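Worksheet: one structure, shown below.
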Amino acid sequence: MLEKGKAKMLIMAEWMRDLWMKKPVEVFATSTDVIDFLDHSDSFLPPLWPDDKFYVETLRAGPNAEQQLRLQWLLVYLHHPDPDVVVAVLRNYMTPKIMGREAFGVAAADLLLHPDVNIQKATMEAIKLGGATLWNFVQGFAREASRKRWSSEVQAI
């Protein structure tokens with residue numbers, strides 16, 4: 001459960017299947033509240049789906065449960081509908097270690113195509129933190145996506 005008294009919203013999308021399953025996640029609505037929430041690194045962040053007992057048990061039984069949960073929250077907030085939230089997360093929490101993970105490379109590739117220029121710029125800053133390995137991953141991901149799109153367009157003619 002998220003702290004009461006602060007503006008919240010529900011978000012849900014296909015990419016959530018990569019975390020667990022496609023179901024709504026309650027998130028804070030403003031970048032100030034998101035930063036306040038994520039800055040409490042000394043405490044165990046709440047599960048994304050606190051009512052899903054199997055998810056909670058599986059998460060807590062795994063290695064590095066607290067780190068995994070933090071990574072899941074970061075991914076969720078990188079998909080927040082408010083560009084200010086996405087930029088705040090990119091600028092405040094994307095360390096080279098985090099940016100080197102495949103899931104964040106996929107998110108970075110998506111964010112480079114975001115219509116908001118500030119998100120694109122913050123994503124480039126985060127990619128620079130991740131080093132050449134992440135950049136190579138993003139380029140490869142983009143090439144593969146482009147190749148698939150081109151293939152399907154060619155087949156449709």
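Identifiers for the structure tokens are assigned positionally: chains receive A, B, ... in sequence, residues are indexed from 1 per chain, and ligands are indexed from 1 in the order shown.
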Could you give me, as a Markdown table, a per-residue list for region 18-86 of chain A showing, wherever an atom lies at most 8 Å from an atom of region 92-113 of chain A, the closest pair of atoms and their distance in Å to one decimal, using only C-alpha atoms and sorting by chain then residue number from low to high?
```
| residue | atom | partner | partner_atom | distance |
| --- | --- | --- | --- | --- |
| A:Leu71 | CA | A:Ile98 | CA | 7.8 |
| A:Leu74 | CA | A:Tyr93 | CA | 7.9 |
| A:Leu75 | CA | A:Phe104 | CA | 7.2 |
| A:Leu78 | CA | A:Ala107 | CA | 7.3 |
```
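Put simply, CA of Glu66 (chain A) is 27.0 Å away from CA of Ile119 (chain A).
Residues in contact range of Trp49 (chain A), defined as at most 10 Å between only C-alpha atoms, with sequence neighbours fewer than 4 positions away removed, read Met1, Trp20, Met21, Lys23, Pro24, Val25, Glu26, Lys53, Phe54, Tyr55 and Val56 of chain A.
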Prev. selection, C-alpha atoms, output as a PDB file, in the first residue's frame:
```pdb
ATOM      1  CA  MET A   1       0.000   0.000   0.000  1.00  0.00           C
ATOM      2  CA  TRP A  20       4.644 -10.525 -13.238  1.00  0.00           C
ATOM      3  CA  MET A  21       1.334 -10.089 -15.022  1.00  0.00           C
ATOM      4  CA  LYS A  23      -2.721  -5.884 -13.778  1.00  0.00           C
ATOM      5  CA  PRO A  24      -3.009  -2.335 -12.437  1.00  0.00           C
ATOM      6  CA  VAL A  25      -0.341  -0.852 -10.191  1.00  0.00           C
ATOM      7  CA  GLU A  26      -1.159   2.025  -7.872  1.00  0.00           C
ATOM      8  CA  LYS A  53      -0.060 -13.363  -2.090  1.00  0.00           C
ATOM      9  CA  PHE A  54       1.728 -15.609  -4.600  1.00  0.00           C
ATOM     10  CA  TYR A  55       3.555 -12.615  -6.106  1.00  0.00           C
ATOM     11  CA  VAL A  56       4.570 -11.342  -2.661  1.00  0.00           C
TER      12      VAL A  56
END
```
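Here CA of Pro46 (chain A) is placed at a distance of 21.5 Å from CA of Asp82 (chain A).
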task: Do a neighbour search on Val34 (chain A) at 10 Å with only C-alpha atoms, toss out local chain neighbours closer than 5 positions, and write the hits as an NGL selection string.
output: :A and (8 or 27-29 or 39 or 73-74 or 77 or 85-86 or 88-89)
Would you mind exporting the chosen residues as a tab-separated table (two decimals), in the first residue's frame, restricted to C-alpha atoms?
```
chain	number	residue	atom	x	y	z
A	8	LYS	CA	-2.27	8.48	-6.85
A	27	VAL	CA	1.47	4.77	-8.28
A	28	PHE	CA	2.01	8.27	-7.02
A	29	ALA	CA	0.85	10.95	-9.44
A	39	ASP	CA	14.23	7.95	-1.58
A	73	TRP	CA	9.24	0.13	-9.05
A	74	LEU	CA	11.79	1.98	-11.19
A	77	TYR	CA	7.80	4.75	-12.90
A	85	VAL	CA	7.94	11.74	-13.25
A	86	VAL	CA	9.83	9.85	-15.97
A	88	ALA	CA	12.89	12.65	-12.41
A	89	VAL	CA	13.36	8.88	-12.26
```
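We find CA of Leu69 (chain A) and CA of Ala126 (chain A) to be spaced 20.3 Å apart.
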